[in-house]
Each structure stands twice: as C-alpha cells, then as structure tokens.
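S.K.: Here it is: the structure, laid out below.
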Amino acid sequence: MRMKPKLQPMRKTMTEENEPLLLDHEADGIRELDNQLPRWWVWLFNATIFFAGAYMLYYHVFDRGLLMEDEYRLEMAEGEKLKQAALERFEKEMMNMQPSQDPEVLAEGKQIFLTNCAPCHRADGGGQVGPNLCDDYWIHGSEFKDNLRTISNGVPEKGMVTWKTLLKPTQIYAVASYIYTLRGSNPPNPKPPENQAPAEPEVNPYE
Ligand code: HEC
C-alpha cells in the first residue's frame with residue numbers, strides 16, 4: 001500500500017521544493033496539486049466507462065433492450081387493451097344497471113355534468129343545444145340503460161359527444177345516475193320536447 005501523502009499545514013506560498021505534488025503550470029496565479037486519486041474513485045470511473053460500452057452494445061448495436069420509446073408504445077398498447085376490456089364489460093353490464101343512490105357517486109356525477117354536459121344541456125338539465133333531461137320525453141329511450149347507452153355511444157351526427165372515448169365507465173355511470181335525479185325537477189324555461197311526434201304514416205293519394 002502506498003502511503004497517503006501527509007496533509008501539509010497551510011503555507012503562504014508553495015514552491016517545488018516544499019511541495020512535491022505541485023505541478024509546474026500556472027494560470028492566473030493558480031497552480032495545481034497532482035493529488036493521488038482515491039482508488040475507489042478510479043474504479044468508479046473505470047466502471048462508468050465499462051457501463052457505457054456495455055449499454056451501447058446492448059441497446060444500440062445488438063438491439064437487445066427496449067428503448068424508452070418502445071417501452072412507451074408497449075405500455076400504451078397494454079393500457080388500450082385494459083381500457084377496451086373495461087368498456088366491453090361495461091357495455092355488457094349496462095343492460096342491468098340501476099342508477100346509483102350513493103351520495104358520493106351522485107356528487108361526482110354532478111361535477112362531471114357541470115363540467116362536460118352543462119354547456120349543451122344547461123346546468124339544471126333544462127336543455128339548450130341538447131334536449132331537456134328533466135322531462136318525460138326522450139329521443140333515445142326513457143330507461144336508465146337507454147341514458148347510459150346514449151351517453152356512452154353519443155349521437156355524433158346530432159352533436160351529442162361519444163363520451164366513452166373521454167370518460168371512464170365509472171364516470172359515465174356516475175353522470176347518468178346524477179341526471180336520473182333531475183327527472184321531474186321542472187327547471188324554469190325548459191327546452192320544449194322535440195322529435196316526439198311519431199312519424200306520420202305516408203299517405204298514398206292514389207289509394
Ligand atoms: C356538444 C353538446 C352536448 C354535450 C357537451 C352533451 N350533450 Fe347530450 N345531447 C346533445 C344533443 C344535441 C342531444 C340530442 C341527440 C339527438 O337529437 O339524437 C343529446 C342527447 C343526450 C341524451 C339523450 C336524451 C334523449 O332524449 O334521449 C342524454 C341522456 C345526454 N345527451 C346526456 C349527456 C351527458 C350526461 C353529457 C355530459 C357527459 C352530455 N349529454 C353532453 C348535446 C350534447
């Protein structure tokens with residue numbers, strides 16, 4: 001083992017004679033000591049060089065490892081699969097669902113309604129661009145499951161958003177449960193019922 005150089009007491013000036021570690025170059029009056037680097041430091045340094053080489057071969061030369069972008073893509077695909085499975089399950093269960101009475105679910109539903117639906121259906125559900133959700137007239141069916149289906153699939157050609165692409169099944173359930181509580185609430189100046197008259201039977205003038 002080499003002996004560690006003893007710490008020298010501070011001196012006013014260092015010279016080659018009194019400081020054997022002093023290098024002989026100088027910049028702006030600053031001179032450098034050629035200290036022996038601690039062995040652990042040198043090993044660490046060597047290890048980083050080895051790591052960099054191994055990393056490059058593994059990831060970039062032989063393409064064995066997944067780079068961040070591939071990992072991201074894989075995880076997104078995995079997430080998409082989970083989402084599709086959850087949606088399919090939701091669509092199967094939809095037929096038998098009952099509106100929630102849980103105040104927490106209803107509060108969440110109200111929040112979702114005010115943020116996403118109120119611009120078209122009005123904050124009190126009285127209707128604006130979208131129809132009144134408080135009366136007994138329904139374009140797409142009056143049952144809870146009809147509401148769930150309409151909200152989930154939307155009516156894109158009429159301007160009702162396909163919410164399953166934006167909301168989670170639990171959120172659709174919450175907001176549907178909330179609007180269920182608006183039924184019969186009679187808000188002022190509601191949008192009049194629409195599309196309610198059954199289609200006129202076509203009259204053949206030659207009959
Ligand atoms: C961009 C405007 C818009 C937004 C936002 C919107 N809707 Fe609609 N919604 C409509 C329109 C328009 C219709 C009528 C579709 C039709 O005529 O077939 C509708 C229909 C519906 C119906 C069916 C009504 C019936 O008579 O059968 C329900 C239920 C409904 N929306 C709920 C919601 C909920 C819940 C949200 C929020 C998550 C929402 N809507 C957000 C425009 C919107």
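Chain labels A, B, ... are given in the sequence in which chains occur in the structure tokens; within each chain residues are numbered consecutively from 1, and ligands are likewise numbered from 1 in the order shown.
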Compute the set of protein, DNA and RNA residues whose minimum atom distance to ligand 1 is at most 6 Å, using only C-alpha atoms and all ligand atoms, and state it as a list of chain:residue names.
M.R.: A:Phe113, A:Asn116, A:Cys117, A:Pro119, A:Cys120, A:Val129, A:Gly130, A:Pro131, A:Trp138, A:Ile139, A:His140, A:Gly141, A:Asn147, A:Thr150, A:Ile151, A:Val155, A:Lys158, A:Gly159, A:Met160, A:Val161, A:Val175, A:Ala176
S.K.: From a DSSP calculation on the backbone, collect every residue of segment 10-149 of chain A in strand (DSSP E) and output the set as JSON, numbers by chain.
M.R.: {"A": [22, 23, 24, 25, 26, 27, 30, 31, 32, 33]}
S.K.: Looking at A:Pro99, A:Pro20, A:Gly65, A:Pro190, which one is nearest to Glu143 of chain A, with distances taken over only C-alpha atoms?
M.R.: A:Pro99
S.K.: For Lys164 of chain A, work out the shell of residues within 8 Å, counting only C-alpha atoms and skipping chain neighbours fewer than 2 positions away, then give it as a list in words.
M.R.: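 The residues satisfying every condition are Leu87, Ile151, Ser152, Asn153, Thr162, Leu166, Leu167, Lys168, Pro169 and Ile172 of chain A.
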S.K.: Give me, please, the distance in Å between atom CA of Ala174 of chain A and atom CA of Gly109 of chain A, quoted to one decimal.
M.R.: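 It comes out at 4.4 Å.
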S.K.: Would you give me, as number ranges by chain, the residues in segment 63-149 of chain A that DSSP reads as alpha helix (DSSP H)?
M.R.: A: 68-93, 103-112, 118-121, 144-149
S.K.: Point out the residue among A:Thr165, A:Asp34, A:Phe50, A:Met94 with the least atom-to-atom distance to Glu80 of chain A, counting only C-alpha atoms.
M.R.: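 That would be A:Thr165, the residue with the smallest distance to Glu80 of chain A.
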S.K.: Go through A:Glu71, A:Glu91, A:Glu32, A:Glu19 and flag the residue nearest Asp146 of chain A, using only C-alpha atoms for the distances.
M.R.: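 Checking each candidate against Asp146 of chain A, we get A:Glu91 as the closest.
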S.K.: What gap, in Å, lies between atom CA of Ala85 of chain A and atom CA of Ser177 of chain A?
M.R.: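 About the pair atom CA of Ala85 of chain A and atom CA of Ser177 of chain A: they are 22.4 Å apart.
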S.K.: Between A:Glu108, A:Asp24, A:Asp102, A:Asp70, which residue has the minimum interatomic distance to Gln171 of chain A, considering only C-alpha atoms?
M.R.: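 Among the listed residues, A:Glu108 lies closest to Gln171 of chain A.
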